[in-house]
file data.cif (mmCIF, C-alpha atoms)
data_query
loop_
_atom_site.group_PDB
_atom_site.id
_atom_site.type_symbol
_atom_site.label_atom_id
_atom_site.label_comp_id
_atom_site.auth_asym_id
_atom_site.auth_seq_id
_atom_site.Cartn_x
_atom_site.Cartn_y
_atom_site.Cartn_z
ATOM 1 C CA MET A 1 109.210 82.659 94.928
ATOM 2 C CA GLU A 2 112.849 83.715 94.942
ATOM 3 C CA ASN A 3 112.636 84.787 91.303
ATOM 4 C CA ALA A 4 109.566 86.923 91.959
ATOM 5 C CA ALA A 5 111.273 88.544 94.945
ATOM 6 C CA GLU A 6 114.355 89.352 92.847
ATOM 7 C CA VAL A 7 112.268 90.961 90.115
ATOM 8 C CA ILE A 8 110.234 93.015 92.590
ATOM 9 C CA LYS A 9 113.499 94.223 94.178
ATOM 10 C CA ARG A 10 114.268 95.957 90.881
ATOM 11 C CA VAL A 11 111.122 98.054 91.266
ATOM 12 C CA LEU A 12 110.976 98.316 95.055
ATOM 13 C CA PRO A 13 114.573 97.826 96.234
ATOM 14 C CA GLU A 14 113.829 98.827 99.819
ATOM 15 C CA ARG A 15 110.923 96.376 100.229
ATOM 16 C CA SER A 16 110.802 92.648 100.975
ATOM 17 C CA PHE A 17 108.081 90.040 101.101
ATOM 18 C CA VAL A 18 106.842 88.982 104.525
ATOM 19 C CA GLU A 19 104.789 85.869 105.250
ATOM 20 C CA LEU A 20 101.207 86.689 106.211
ATOM 21 C CA SER A 21 99.855 85.100 109.348
ATOM 22 C CA LEU A 22 96.280 83.859 109.393
ATOM 23 C CA ASP A 23 95.289 86.644 111.768
ATOM 24 C CA HIS A 24 95.825 89.242 109.016
ATOM 25 C CA PRO A 25 92.547 91.038 108.124
ATOM 26 C CA VAL A 26 92.718 89.874 104.485
ATOM 27 C CA TYR A 27 91.636 86.433 105.730
ATOM 28 C CA HIS A 28 88.597 87.724 107.624
ATOM 29 C CA CYS A 29 87.021 90.517 105.577
ATOM 30 C CA VAL A 30 84.373 88.633 103.536
ATOM 31 C CA PHE A 31 85.048 84.929 103.953
ATOM 32 C CA GLU A 32 86.582 83.444 107.083
ATOM 33 C CA ILE A 33 89.745 81.747 105.846
ATOM 34 C CA LYS A 34 91.324 79.511 108.475
ATOM 35 C CA SER A 35 94.121 77.878 106.470
ATOM 36 C CA LYS A 36 96.282 78.492 103.439
ATOM 37 C CA GLY A 37 94.762 75.935 101.116
ATOM 38 C CA GLN A 38 96.678 74.426 98.234
ATOM 39 C CA VAL A 39 95.123 74.613 94.780
ATOM 40 C CA PRO A 40 96.812 72.248 92.328
ATOM 41 C CA ASN A 41 96.878 72.653 88.582
ATOM 42 C CA ILE A 42 93.782 71.232 86.933
ATOM 43 C CA ARG A 43 95.311 67.830 86.047
ATOM 44 C CA GLN A 44 96.790 67.305 89.505
ATOM 45 C CA GLY A 45 93.534 68.482 91.055
ATOM 46 C CA ILE A 46 91.454 65.934 89.185
ATOM 47 C CA ASN A 47 93.930 63.188 90.086
ATOM 48 C CA SER A 48 93.958 64.265 93.743
ATOM 49 C CA GLN A 49 90.560 62.654 94.251
ATOM 50 C CA PHE A 50 92.350 59.324 93.814
ATOM 51 C CA ASP A 51 95.797 59.905 95.300
ATOM 52 C CA GLY A 52 95.311 62.906 97.607
ATOM 53 C CA VAL A 53 98.302 64.729 96.111
ATOM 54 C CA THR A 54 97.745 68.467 95.584
ATOM 55 C CA TRP A 55 101.359 69.561 95.137
ATOM 56 C CA GLU A 56 103.381 69.540 91.950
ATOM 57 C CA TRP A 57 106.291 67.110 91.873
ATOM 58 C CA ASN A 58 108.469 69.013 89.404
ATOM 59 C CA HIS A 59 109.521 71.734 91.855
ATOM 60 C CA ASP A 60 112.441 71.859 94.259
ATOM 61 C CA GLY A 61 112.122 72.342 97.977
ATOM 62 C CA ASP A 62 109.080 72.060 100.195
ATOM 63 C CA VAL A 63 106.260 71.827 97.659
ATOM 64 C CA ARG A 64 103.581 70.965 100.206
ATOM 65 C CA THR A 65 103.701 74.220 102.156
ATOM 66 C CA VAL A 66 101.590 77.066 100.804
ATOM 67 C CA HIS A 67 102.909 80.576 101.344
ATOM 68 C CA HIS A 68 101.028 83.842 101.215
ATOM 69 C CA ARG A 69 103.462 86.741 101.255
ATOM 70 C CA ALA A 70 102.984 90.469 100.962
ATOM 71 C CA ILE A 71 104.906 93.689 100.608
ATOM 72 C CA PHE A 72 103.744 96.675 102.649
ATOM 73 C CA ASP A 73 104.363 100.399 102.363
ATOM 74 C CA ASP A 74 105.616 102.640 105.195
ATOM 75 C CA LYS A 75 102.081 103.016 106.543
ATOM 76 C CA GLY A 76 101.502 99.263 106.701
ATOM 77 C CA ARG A 77 99.279 99.132 103.618
ATOM 78 C CA MET A 78 99.559 96.033 101.476
ATOM 79 C CA MET A 79 101.033 96.838 98.080
ATOM 80 C CA ILE A 80 101.605 93.336 96.685
ATOM 81 C CA MET A 81 100.375 89.889 97.663
ATOM 82 C CA ALA A 82 101.941 86.739 96.230
ATOM 83 C CA THR A 83 101.021 83.109 96.750
ATOM 84 C CA HIS A 84 103.480 80.238 96.388
ATOM 85 C CA ASN A 85 102.953 76.462 96.016
ATOM 86 C CA THR A 86 99.356 76.988 95.024
ATOM 87 C CA ASP A 87 97.709 77.608 91.653
ATOM 88 C CA ASN A 88 94.880 79.941 92.623
ATOM 89 C CA GLY A 89 94.636 81.031 88.996
ATOM 90 C CA ASP A 90 93.557 77.561 87.887
ATOM 91 C CA GLY A 91 90.834 77.740 90.517
ATOM 92 C CA TRP A 92 89.430 80.774 88.713
ATOM 93 C CA GLU A 93 90.118 79.938 85.079
ATOM 94 C CA ARG A 94 89.645 76.152 84.921
ATOM 95 C CA GLU A 95 86.674 75.689 87.249
ATOM 96 C CA GLY A 96 84.315 74.593 84.455
ATOM 97 C CA GLU A 97 86.443 71.633 83.398
ATOM 98 C CA SER A 98 85.778 69.329 86.339
ATOM 99 C CA ASP A 99 82.980 69.211 88.875
ATOM 100 C CA TYR A 100 85.374 67.704 91.430
ATOM 101 C CA PHE A 101 87.975 70.425 90.864
ATOM 102 C CA PHE A 102 85.342 73.165 91.084
ATOM 103 C CA HIS A 103 83.824 72.001 94.374
ATOM 104 C CA ASN A 104 87.112 71.171 96.095
ATOM 105 C CA PHE A 105 89.453 73.893 94.895
ATOM 106 C CA SER A 106 87.628 76.772 93.167
ATOM 107 C CA GLU A 107 84.662 76.988 95.510
ATOM 108 C CA LYS A 108 86.507 76.238 98.762
ATOM 109 C CA ILE A 109 89.912 77.883 98.235
ATOM 110 C CA SER A 110 90.429 80.061 95.147
ATOM 111 C CA TYR A 111 87.174 82.019 95.163
ATOM 112 C CA PRO A 112 87.153 82.932 98.868
ATOM 113 C CA LEU A 113 90.815 83.985 98.819
ATOM 114 C CA GLY A 114 90.468 85.984 95.611
ATOM 115 C CA ILE A 115 87.302 87.727 96.766
ATOM 116 C CA ASN A 116 88.909 88.587 100.102
ATOM 117 C CA ILE A 117 92.000 89.996 98.372
ATOM 118 C CA ILE A 118 89.901 92.158 96.056
ATOM 119 C CA PHE A 119 87.662 93.386 98.887
ATOM 120 C CA TYR A 120 90.660 94.096 101.120
ATOM 121 C CA ALA A 121 92.471 96.013 98.362
ATOM 122 C CA MET A 122 89.390 98.133 97.673
ATOM 123 C CA THR A 123 88.783 98.997 101.336
ATOM 124 C CA HIS A 124 92.287 99.568 102.699
#
call {"tool": "encode", "arguments": {"input": "data.cif", "output": "structure tokens"}}
result
Amino acid sequence: MENAAEVIKRVLPERSFVELSLDHPVYHCVFEIKSKGQVPNIRQGINSQFDGVTWEWNHDGDVRTVHHRAIFDDKGRMMIMATHNTDNGDGWEREGESDYFFHNFSEKISYPLGINIIFYAMTH
């Protein structure tokens, strides 16, 4: 996440990411999202049915905590949303490769979050 923040600072030097709390409207506009779910990569996701591990081991720091961070403009409008320690993209692009992965990660986490983000961006 630090690398992404540094790159964004080049474009928006006066802005910083802030952690979104679960009471933010983006979590309640289409689907009711009550937690920041972790979507593993497809391989880890398939294996998680056996070992319960959804985080990736090859990263430093706290890999189990999912972060949803955003940058807002002066009027409080969300300009950028970034997720960390979660592979929401695999939930959208790899959902056809495993029935287990689809039902546990795409259907329950990636799709609702992505749909809410798109709906929120189009209505705010």
call {"tool": "atom_distance", "arguments": {"input": "data.cif", "atom1": "atom CA of A:His68", "atom2": "atom CA of A:Phe119"}}
result
16.6 Å
call {"tool": "resolve_selection", "arguments": {"input": "data.cif", "expression": "the PyMOL selection byres ((chain A and resi 5) around 12)", "output": "PyMOL selection string"}}
result
chain A and resi 1-4+6-18+69-71+80-84
call {"tool": "residues_near_point", "arguments": {"input": "data.cif", "point": "(94.6, 91.9, 107.9)", "cutoff": "12 Å", "atoms": "all atoms listed in the file", "output": "PyMOL selection string"}}
result
chain A and resi 20-30+32-33+70+72+76-78+81+116-117+119-121+123-124
call {"tool": "axis_aligned_box", "arguments": {"input": "data.cif", "around": "stretch 82-85 of chain A", "padding_each_side": "4 Å", "output": "JSON"}}
result
{"center_x": 102.3, "center_y": 81.6, "center_z": 96.4, "size_x": 10.5, "size_y": 18.3, "size_z": 8.7}
call {"tool": "resolve_selection", "arguments": {"input": "data.cif", "expression": "the PyMOL selection byres ((chain A and resi 38-41) around 8)", "output": "number ranges by chain"}}
result
A: 36-37, 42-45, 54-56, 64, 66, 85-88, 90-91, 105-106, 109-110
call {"tool": "atom_distance", "arguments": {"input": "data.cif", "atom1": "atom CA of A:Arg94", "atom2": "atom CA of A:Glu107"}}
result
11.7 Å
call {"tool": "atom_distance", "arguments": {"input": "data.cif", "atom1": "atom CA of A:Asp73", "atom2": "atom CA of A:Gly114"}}
result
21.1 Å
call {"tool": "closest_residue", "arguments": {"input": "data.cif", "among": "A:Val63, A:Ser35, A:Asn104, A:Gly89", "to": "A:Ser48", "atoms": "all atoms listed in the file"}}
result
A:Asn104
call {"tool": "closest_residue", "arguments": {"input": "data.cif", "among": "A:Ile115, A:Ile46, A:Phe31, A:Glu19", "to": "A:Ser98", "atoms": "only C-alpha atoms"}}
result
A:Ile46
call {"tool": "decode", "arguments": {"input": "data.cif", "residues": "stretch 69-85 of chain A", "atoms": "N, CA, C and O atoms", "output": "PDB file, in the first residue's frame"}}
result
ATOM      1  N   ARG A  69      -9.124   1.780   1.685  1.00  0.00           N
ATOM      2  CA  ARG A  69      -8.724   3.170   1.888  1.00  0.00           C
ATOM      3  C   ARG A  69      -9.202   3.997   0.707  1.00  0.00           C
ATOM      4  O   ARG A  69      -9.346   3.492  -0.401  1.00  0.00           O
ATOM      5  N   ALA A  70      -9.414   5.266   0.969  1.00  0.00           N
ATOM      6  CA  ALA A  70      -9.911   6.159  -0.079  1.00  0.00           C
ATOM      7  C   ALA A  70      -9.243   7.522   0.021  1.00  0.00           C
ATOM      8  O   ALA A  70      -8.716   7.899   1.072  1.00  0.00           O
ATOM      9  N   ILE A  71      -9.293   8.224  -1.083  1.00  0.00           N
ATOM     10  CA  ILE A  71      -8.867   9.619  -1.139  1.00  0.00           C
ATOM     11  C   ILE A  71     -10.092  10.432  -1.525  1.00  0.00           C
ATOM     12  O   ILE A  71     -10.818  10.074  -2.463  1.00  0.00           O
ATOM     13  N   PHE A  72     -10.312  11.521  -0.810  1.00  0.00           N
ATOM     14  CA  PHE A  72     -11.483  12.371  -1.017  1.00  0.00           C
ATOM     15  C   PHE A  72     -11.069  13.752  -1.500  1.00  0.00           C
ATOM     16  O   PHE A  72      -9.978  14.231  -1.180  1.00  0.00           O
ATOM     17  N   ASP A  73     -11.976  14.407  -2.219  1.00  0.00           N
ATOM     18  CA  ASP A  73     -11.720  15.785  -2.636  1.00  0.00           C
ATOM     19  C   ASP A  73     -12.160  16.747  -1.532  1.00  0.00           C
ATOM     20  O   ASP A  73     -12.585  16.319  -0.447  1.00  0.00           O
ATOM     21  N   ASP A  74     -12.074  18.043  -1.791  1.00  0.00           N
ATOM     22  CA  ASP A  74     -12.408  19.054  -0.777  1.00  0.00           C
ATOM     23  C   ASP A  74     -13.875  19.043  -0.366  1.00  0.00           C
ATOM     24  O   ASP A  74     -14.225  19.547   0.695  1.00  0.00           O
ATOM     25  N   LYS A  75     -14.727  18.481  -1.202  1.00  0.00           N
ATOM     26  CA  LYS A  75     -16.151  18.399  -0.884  1.00  0.00           C
ATOM     27  C   LYS A  75     -16.537  17.060  -0.270  1.00  0.00           C
ATOM     28  O   LYS A  75     -17.706  16.770  -0.079  1.00  0.00           O
ATOM     29  N   GLY A  76     -15.549  16.226   0.024  1.00  0.00           N
ATOM     30  CA  GLY A  76     -15.817  14.938   0.651  1.00  0.00           C
ATOM     31  C   GLY A  76     -16.211  13.841  -0.311  1.00  0.00           C
ATOM     32  O   GLY A  76     -16.662  12.775   0.106  1.00  0.00           O
ATOM     33  N   ARG A  77     -16.036  14.079  -1.615  1.00  0.00           N
ATOM     34  CA  ARG A  77     -16.371  13.064  -2.613  1.00  0.00           C
ATOM     35  C   ARG A  77     -15.188  12.118  -2.804  1.00  0.00           C
ATOM     36  O   ARG A  77     -14.043  12.550  -2.902  1.00  0.00           O
ATOM     37  N   MET A  78     -15.495  10.834  -2.862  1.00  0.00           N
ATOM     38  CA  MET A  78     -14.448   9.842  -3.046  1.00  0.00           C
ATOM     39  C   MET A  78     -13.882   9.945  -4.454  1.00  0.00           C
ATOM     40  O   MET A  78     -14.626   9.917  -5.431  1.00  0.00           O
ATOM     41  N   MET A  79     -12.564  10.069  -4.534  1.00  0.00           N
ATOM     42  CA  MET A  79     -11.885  10.134  -5.822  1.00  0.00           C
ATOM     43  C   MET A  79     -11.208   8.809  -6.171  1.00  0.00           C
ATOM     44  O   MET A  79     -11.146   8.421  -7.331  1.00  0.00           O
ATOM     45  N   ILE A  80     -10.668   8.139  -5.171  1.00  0.00           N
ATOM     46  CA  ILE A  80      -9.936   6.889  -5.359  1.00  0.00           C
ATOM     47  C   ILE A  80     -10.280   5.962  -4.201  1.00  0.00           C
ATOM     48  O   ILE A  80     -10.376   6.400  -3.064  1.00  0.00           O
ATOM     49  N   MET A  81     -10.456   4.685  -4.509  1.00  0.00           N
ATOM     50  CA  MET A  81     -10.598   3.680  -3.456  1.00  0.00           C
ATOM     51  C   MET A  81      -9.591   2.578  -3.746  1.00  0.00           C
ATOM     52  O   MET A  81      -9.464   2.133  -4.891  1.00  0.00           O
ATOM     53  N   ALA A  82      -8.858   2.172  -2.719  1.00  0.00           N
ATOM     54  CA  ALA A  82      -7.856   1.119  -2.865  1.00  0.00           C
ATOM     55  C   ALA A  82      -8.068   0.075  -1.779  1.00  0.00           C
ATOM     56  O   ALA A  82      -8.384   0.414  -0.643  1.00  0.00           O
ATOM     57  N   THR A  83      -7.901  -1.175  -2.149  1.00  0.00           N
ATOM     58  CA  THR A  83      -8.005  -2.262  -1.180  1.00  0.00           C
ATOM     59  C   THR A  83      -6.631  -2.902  -1.020  1.00  0.00           C
ATOM     60  O   THR A  83      -5.841  -2.954  -1.965  1.00  0.00           O
ATOM     61  N   HIS A  84      -6.342  -3.370   0.174  1.00  0.00           N
ATOM     62  CA  HIS A  84      -5.021  -3.921   0.483  1.00  0.00           C
ATOM     63  C   HIS A  84      -5.194  -5.219   1.270  1.00  0.00           C
ATOM     64  O   HIS A  84      -6.093  -5.328   2.103  1.00  0.00           O
ATOM     65  N   ASN A  85      -4.350  -6.197   0.995  1.00  0.00           N
ATOM     66  CA  ASN A  85      -4.405  -7.535   1.592  1.00  0.00           C
ATOM     67  C   ASN A  85      -5.667  -8.286   1.177  1.00  0.00           C
ATOM     68  O   ASN A  85      -6.225  -9.069   1.942  1.00  0.00           O
TER      69      ASN A  85
END
